[in-house]
Amino acid sequence: MSLNVLRDMIHGALPWDRLLAAPEGSPADRRAADDAIAALRGILDAHVDAAAVDAGRPLDDALVSALADAGFLAMLLPREDGGLGLSEYGAFRVYETAAAHSPAVSMMLAGHNSMGPSTYLPTLPPGELRDLLARHLAEGSLAAIASTEPEGAANTDRTSVARRHPDGSGYLLTGDKVFISNGSRARLLAVTATIEDTGQVGVFYVESSAQGFEVVAEHEFMGLHGAPTAHIRMTNVFVPEGHMVSANEEWRTASPFAELHTLARVYLISAPSSALARRSLAWAREWVAKRRVDGKELASYEAVQRMIAASAADVYAMDSAVRWALAWQGTEAPLWERDALKNITSMAAWRVTDRTVSLLGAQGYETARSKAARGVPALPAEQAQRDVRGMRVGGGVDFNLDRVLAARLLATYYRGERPEPGAPVPLDAPTLSAANREHLAGVERGVRRLAETCAALTGALSPAELLARQETLITVNRIVTELFGQAVVLARTAGLDPADEAAALAQDFTEVHCDASNGRLPVLWDRLGRELPAAYSRLAQAWMDGESAGLLRI
């Protein structure tokens with residue numbers, strides 16, 4: 001069964017059977033995650049002062065040692081191999097728990113487990129590289145992926161260069177890498193570089209103790225304080241031949257790197273986004289419950305109710321999308337939908353944290369530290385908002401990721417791909433409320449409308465012409481992910497037992513989410529249906545040339 005739901009949706013088909021068919025995690029998987037979460041909370045309580053980390057205190061070595069000893073540097077490895085034996089969704093819950101305490105810890109763990117020794121080791125045959133990774137796993141070494149360069153992450157090529165050593169025994173790596181999670185603490189790094197003789201991109205495992213390896217500086221982000229993210233530099237760093245694991249022009253889409261990078265983005269971005277949205281929603285409830293305005297409870301006002309309900313529904317939608325995408329394992333994993341999670345979760349979290357800052361406005365526009373100093377509840381809503389703003393940038397800035405994902409989807413039109421043949425799936429959902437059945441019908445109408453629009457675009461424009469229409473691409477992806485988000489939420493709620501006491505509330509979560517999503521869609525449909533006026537390009541160029549500056553002087 002193909003799991004490419006987004007491809008089918010952009011071609012006008014809503015694969016309701018696949019949306020309903022996500023496998024349930026086993027009780028053993030849930031118990032393993034529950035046990036890991038309990039152990040992690042003990043470690044965090046003992047070693048991490050979240051307020052101090054946000055104020056600039058670095059994560060200490062004792063924390064890393066405790067995490068390594070408890071198996072958190074090998075979460076997906078089986079227990080018999082020294083790991084925690086978690087499912088991918090179980091690991092997500094662990095990252096989410098870490099982020100609720102301190103996003104810095106979550107990012108450190110995710111950066112390590114994304115392509116650390118435990119992740120890549122199972123795919124390797126016996127040999128030099130396997131021995132290297134096994135040694136670092138046994139030593140509890142923190143690991144990192146070093147790919148982004150000062151020229152920008154969106155560039156396909158890598159300006160870091162790998163030159164053949166004169167004796168042929170390996171390569172000499174030279175170049176800079178920036179925004180490297182764990183870059184200042186990692187002892188083993190997976191580094192991408194262009195091989196000088198071939199022009200292909202290779203992935204090399206580099207030990208930070210190697211001569212010529214240097215940590216230039218740690219980045220001080222606007223949020224996400226405390227994460228050991230750094231700018232590193234390599235000057236003729238020697239890497240043995242056997243420590244290179246790939247040399248492919250399409251390294252980012254080659255297996256297993258595509259799967260690892262996709263899952264890494266979910267763990268690095270979606271887990272903390274979800275955690276911060278959940279915390280913000282809880283803070284809103286805590287604060288609003290205590291407030292009265294003109295003798296009325298704040299929660300009784302329509303505008304406040306709408307904001308709280310919309311935030312609760314956003315959290316339910318984020319959780320539904322993550323559960324669905326991570327339910328599938330191995331070769332069935334829906335990579336395109338997992339890629340879409342980054343923007344789905346970070347943008348929803350941004351809406352939730354932004355509403356929470358507004359709801360807490362009576363506390364004042366100030367930091368948690370300032371609130372604590374004057375003796376009022378120190379709910380750190382501003383910290384959550386700036387941390388989530390970083391999530392919209394990390395893992396690929398939101399608008400550019402929209403562009404890239406839409407280009408991938410629309411390329412299926414040029415290749416002549418279509419949804420799998422077969423009888424249409426009847427969109428019968430008797431367990432949904434009447435309002436939600438209408439929302440489901442609306443999603444089906446939406447995917448048909450999107451397919452008609454995309455067919456017209458790809459029929460009228462060459463691939464190169466369509467790629468140049470970047471605003472169109474961005475809008476296409478935002479529409480399809482809005483529709484996908486509604487579909488996943490509807491499917492989750494449709495799958496609940498109506499006798500379950502939570503089912504009625506799930507209907508309300510779903511109705512609110514779909515209503516809010518439908519409120520965002522008209523602007524996107526309007527944008528997709530018209531070309532960007534040429535004045536945008538003229539004005540941007542005039543401003544860049546300095547021609548319009550005089551009109552804006554005070």
# chains A, B, ... in the order shown; residues from 1 in each chain; ligands from 1

$ select_by_dssp --residues "region 105-168 of chain A" --states "strand (DSSP E or B)" --output "PyMOL selection string"
chain A and resi 143-146+161-164

$ write_last_selection --atoms "C-alpha atoms" --output "compact mmCIF listing (two decimals), in the first residue's frame"
# COMPACT_ATOMS: atom_id res chain seq x y z
CA ALA A 143 27.54 13.31 17.87
CA ALA A 144 26.48 15.91 15.29
CA ILE A 145 25.61 16.40 11.63
CA ALA A 146 27.72 19.15 10.02
CA VAL A 161 36.22 20.47 -0.04
CA ALA A 162 37.63 16.96 0.36
CA ARG A 163 40.97 16.52 -1.41
CA ARG A 164 42.60 13.16 -1.88

$ closest_residue --among "A:Ala39, A:Val488, A:Ala362, A:Val239" --to "Asp319 (chain A)" --atoms "only C-alpha atoms"
A:Val488

$ residues_around --residues "Ser433 (chain A)" --least-positions-apart "2" --cutoff "12 Å" --atoms "only C-alpha atoms" --output "list in words"
Asp428, Ala429, Pro430, Thr431, Ala435, Asn436, Arg437, Glu438, His439, Leu440, Leu490, Thr493, Ala494, Leu496, Pro498, Ala503, Ala504, Leu505, Ala506, Gln507, Asp508, Phe509, Thr510 and Glu511 of chain A

$ write_last_selection --atoms "C-alpha atoms" --output "PDB file, in the first residue's frame"
ATOM      1  CA  ASP A 428     -18.410   7.477   4.599  1.00  0.00           C
ATOM      2  CA  ALA A 429     -17.623   8.423   8.186  1.00  0.00           C
ATOM      3  CA  PRO A 430     -20.650   7.615  10.368  1.00  0.00           C
ATOM      4  CA  THR A 431     -18.623   8.148  13.545  1.00  0.00           C
ATOM      5  CA  ALA A 435     -20.464  19.208  11.065  1.00  0.00           C
ATOM      6  CA  ASN A 436     -17.318  17.130  10.670  1.00  0.00           C
ATOM      7  CA  ARG A 437     -18.833  15.047   7.865  1.00  0.00           C
ATOM      8  CA  GLU A 438     -19.354  18.316   6.051  1.00  0.00           C
ATOM      9  CA  HIS A 439     -15.743  19.282   6.749  1.00  0.00           C
ATOM     10  CA  LEU A 440     -14.637  15.938   5.287  1.00  0.00           C
ATOM     11  CA  LEU A 490     -10.821  13.988  10.724  1.00  0.00           C
ATOM     12  CA  THR A 493     -11.536  11.365  15.256  1.00  0.00           C
ATOM     13  CA  ALA A 494     -13.425   9.081  12.867  1.00  0.00           C
ATOM     14  CA  LEU A 496     -12.453   6.718  17.822  1.00  0.00           C
ATOM     15  CA  PRO A 498     -18.175   6.714  19.875  1.00  0.00           C
ATOM     16  CA  ALA A 503     -14.954  10.981  21.504  1.00  0.00           C
ATOM     17  CA  ALA A 504     -17.413  13.851  21.940  1.00  0.00           C
ATOM     18  CA  LEU A 505     -14.642  16.266  22.882  1.00  0.00           C
ATOM     19  CA  ALA A 506     -12.572  15.038  19.906  1.00  0.00           C
ATOM     20  CA  GLN A 507     -15.467  16.049  17.635  1.00  0.00           C
ATOM     21  CA  ASP A 508     -15.183  19.599  18.978  1.00  0.00           C
ATOM     22  CA  PHE A 509     -11.393  19.635  18.620  1.00  0.00           C
ATOM     23  CA  THR A 510     -11.843  18.539  15.017  1.00  0.00           C
ATOM     24  CA  GLU A 511     -14.636  20.962  14.170  1.00  0.00           C
TER      25      GLU A 511
END

$ residues_around --residues "Val315 (chain A)" --least-positions-apart "4" --cutoff "7 Å" --atoms "only C-alpha atoms" --output "ChimeraX atom specification"
/A:277-278,311,319

$ write_last_selection --atoms "C-alpha atoms" --output "PDB file, in the first residue's frame"
ATOM      1  CA  ALA A 277       2.511  24.714  22.206  1.00  0.00           C
ATOM      2  CA  ARG A 278       1.228  22.353  24.908  1.00  0.00           C
ATOM      3  CA  SER A 311      -5.119  26.858  20.429  1.00  0.00           C
ATOM      4  CA  ASP A 319      -0.493  15.636  17.680  1.00  0.00           C
TER       5      ASP A 319
END

$ select_by_dssp --residues "region 249-391 of chain A" --states "alpha helix (DSSP H)" --output "MDAnalysis selection string"
chainID A and resid 257:265 271:288 302:327 335:359 368:373 381:391

$ closest_atom_pairs --of "region 41-146 of chain A" --to "region 369-377 of chain A" --cutoff "12 Å" --atoms "only C-alpha atoms" --output "JSON lines"
{"residue": "A:Ala50", "atom": "CA", "partner": "A:Arg369", "partner_atom": "CA", "distance": 11.9}
{"residue": "A:Ala51", "atom": "CA", "partner": "A:Arg369", "partner_atom": "CA", "distance": 8.3}
{"residue": "A:Ala52", "atom": "CA", "partner": "A:Arg369", "partner_atom": "CA", "distance": 10.2}
{"residue": "A:Asp54", "atom": "CA", "partner": "A:Arg369", "partner_atom": "CA", "distance": 10.2}
{"residue": "A:Ala55", "atom": "CA", "partner": "A:Arg369", "partner_atom": "CA", "distance": 9.2}

$ residues_around --residues "Arg7 (chain A)" --least-positions-apart "2" --cutoff "8 Å" --atoms "only C-alpha atoms" --output "VMD selection string"
chain A and resid 4 to 5 9 to 11 409 412 419

$ decode --residues "region 323-348 of chain A" --atoms "N, CA and C atoms" --output "PDB file, in the first residue's frame"
ATOM      1  N   ARG A 323       1.318  11.686  15.133  1.00  0.00           N
ATOM      2  CA  ARG A 323       0.958  10.290  15.396  1.00  0.00           C
ATOM      3  C   ARG A 323       0.818   9.517  14.091  1.00  0.00           C
ATOM      4  N   TRP A 324       0.117  10.103  13.122  1.00  0.00           N
ATOM      5  CA  TRP A 324      -0.103   9.401  11.856  1.00  0.00           C
ATOM      6  C   TRP A 324       1.217   9.170  11.122  1.00  0.00           C
ATOM      7  N   ALA A 325       2.031  10.222  10.999  1.00  0.00           N
ATOM      8  CA  ALA A 325       3.263  10.104  10.204  1.00  0.00           C
ATOM      9  C   ALA A 325       4.281   9.175  10.833  1.00  0.00           C
ATOM     10  N   LEU A 326       4.314   9.093  12.168  1.00  0.00           N
ATOM     11  CA  LEU A 326       5.303   8.245  12.836  1.00  0.00           C
ATOM     12  C   LEU A 326       4.775   6.855  13.170  1.00  0.00           C
ATOM     13  N   ALA A 327       3.499   6.603  12.866  1.00  0.00           N
ATOM     14  CA  ALA A 327       2.945   5.277  13.140  1.00  0.00           C
ATOM     15  C   ALA A 327       3.549   4.226  12.217  1.00  0.00           C
ATOM     16  N   TRP A 328       3.926   4.667  11.014  1.00  0.00           N
ATOM     17  CA  TRP A 328       4.467   3.756  10.015  1.00  0.00           C
ATOM     18  C   TRP A 328       5.982   3.673  10.188  1.00  0.00           C
ATOM     19  N   GLN A 329       6.533   2.483  10.055  1.00  0.00           N
ATOM     20  CA  GLN A 329       7.962   2.283  10.305  1.00  0.00           C
ATOM     21  C   GLN A 329       8.644   1.748   9.042  1.00  0.00           C
ATOM     22  N   GLY A 330       9.963   1.846   9.016  1.00  0.00           N
ATOM     23  CA  GLY A 330      10.772   1.209   7.978  1.00  0.00           C
ATOM     24  C   GLY A 330      10.443   1.705   6.588  1.00  0.00           C
ATOM     25  N   THR A 331      10.304   0.768   5.649  1.00  0.00           N
ATOM     26  CA  THR A 331      10.094   1.138   4.247  1.00  0.00           C
ATOM     27  C   THR A 331       8.722   1.750   4.008  1.00  0.00           C
ATOM     28  N   GLU A 332       7.794   1.578   4.967  1.00  0.00           N
ATOM     29  CA  GLU A 332       6.460   2.166   4.815  1.00  0.00           C
ATOM     30  C   GLU A 332       6.409   3.618   5.283  1.00  0.00           C
ATOM     31  N   ALA A 333       7.465   4.103   5.899  1.00  0.00           N
ATOM     32  CA  ALA A 333       7.449   5.451   6.465  1.00  0.00           C
ATOM     33  C   ALA A 333       7.109   6.486   5.387  1.00  0.00           C
ATOM     34  N   PRO A 334       6.100   7.323   5.614  1.00  0.00           N
ATOM     35  CA  PRO A 334       5.687   8.331   4.622  1.00  0.00           C
ATOM     36  C   PRO A 334       6.597   9.560   4.667  1.00  0.00           C
ATOM     37  N   LEU A 335       7.668   9.541   3.882  1.00  0.00           N
ATOM     38  CA  LEU A 335       8.698  10.578   3.995  1.00  0.00           C
ATOM     39  C   LEU A 335       8.176  11.959   3.637  1.00  0.00           C
ATOM     40  N   TRP A 336       7.357  12.069   2.592  1.00  0.00           N
ATOM     41  CA  TRP A 336       6.888  13.394   2.196  1.00  0.00           C
ATOM     42  C   TRP A 336       6.015  14.003   3.295  1.00  0.00           C
ATOM     43  N   GLU A 337       5.175  13.183   3.901  1.00  0.00           N
ATOM     44  CA  GLU A 337       4.318  13.686   4.965  1.00  0.00           C
ATOM     45  C   GLU A 337       5.153  14.031   6.200  1.00  0.00           C
ATOM     46  N   ARG A 338       6.215  13.275   6.460  1.00  0.00           N
ATOM     47  CA  ARG A 338       7.090  13.615   7.580  1.00  0.00           C
ATOM     48  C   ARG A 338       7.805  14.941   7.317  1.00  0.00           C
ATOM     49  N   ASP A 339       8.225  15.166   6.082  1.00  0.00           N
ATOM     50  CA  ASP A 339       8.821  16.462   5.747  1.00  0.00           C
ATOM     51  C   ASP A 339       7.832  17.596   5.998  1.00  0.00           C
ATOM     52  N   ALA A 340       6.566  17.357   5.692  1.00  0.00           N
ATOM     53  CA  ALA A 340       5.556  18.404   5.854  1.00  0.00           C
ATOM     54  C   ALA A 340       5.315  18.740   7.322  1.00  0.00           C
ATOM     55  N   LEU A 341       5.656  17.816   8.236  1.00  0.00           N
ATOM     56  CA  LEU A 341       5.409  18.065   9.659  1.00  0.00           C
ATOM     57  C   LEU A 341       6.137  19.302  10.168  1.00  0.00           C
ATOM     58  N   LYS A 342       7.294  19.594   9.603  1.00  0.00           N
ATOM     59  CA  LYS A 342       8.087  20.715  10.116  1.00  0.00           C
ATOM     60  C   LYS A 342       7.265  22.004  10.097  1.00  0.00           C
ATOM     61  N   ASN A 343       6.689  22.339   8.954  1.00  0.00           N
ATOM     62  CA  ASN A 343       5.904  23.567   8.870  1.00  0.00           C
ATOM     63  C   ASN A 343       4.547  23.427   9.542  1.00  0.00           C
ATOM     64  N   ILE A 344       3.938  22.248   9.452  1.00  0.00           N
ATOM     65  CA  ILE A 344       2.645  22.049  10.109  1.00  0.00           C
ATOM     66  C   ILE A 344       2.762  22.334  11.603  1.00  0.00           C
ATOM     67  N   THR A 345       3.781  21.778  12.238  1.00  0.00           N
ATOM     68  CA  THR A 345       3.901  21.913  13.694  1.00  0.00           C
ATOM     69  C   THR A 345       4.457  23.264  14.114  1.00  0.00           C
ATOM     70  N   SER A 346       5.492  23.760  13.433  1.00  0.00           N
ATOM     71  CA  SER A 346       6.082  25.026  13.873  1.00  0.00           C
ATOM     72  C   SER A 346       5.130  26.196  13.641  1.00  0.00           C
ATOM     73  N   MET A 347       4.367  26.168  12.533  1.00  0.00           N
ATOM     74  CA  MET A 347       3.422  27.255  12.289  1.00  0.00           C
ATOM     75  C   MET A 347       2.240  27.189  13.254  1.00  0.00           C
ATOM     76  N   ALA A 348       1.770  25.986  13.562  1.00  0.00           N
ATOM     77  CA  ALA A 348       0.689  25.865  14.546  1.00  0.00           C
ATOM     78  C   ALA A 348       1.171  26.314  15.924  1.00  0.00           C
TER      79      ALA A 348
END
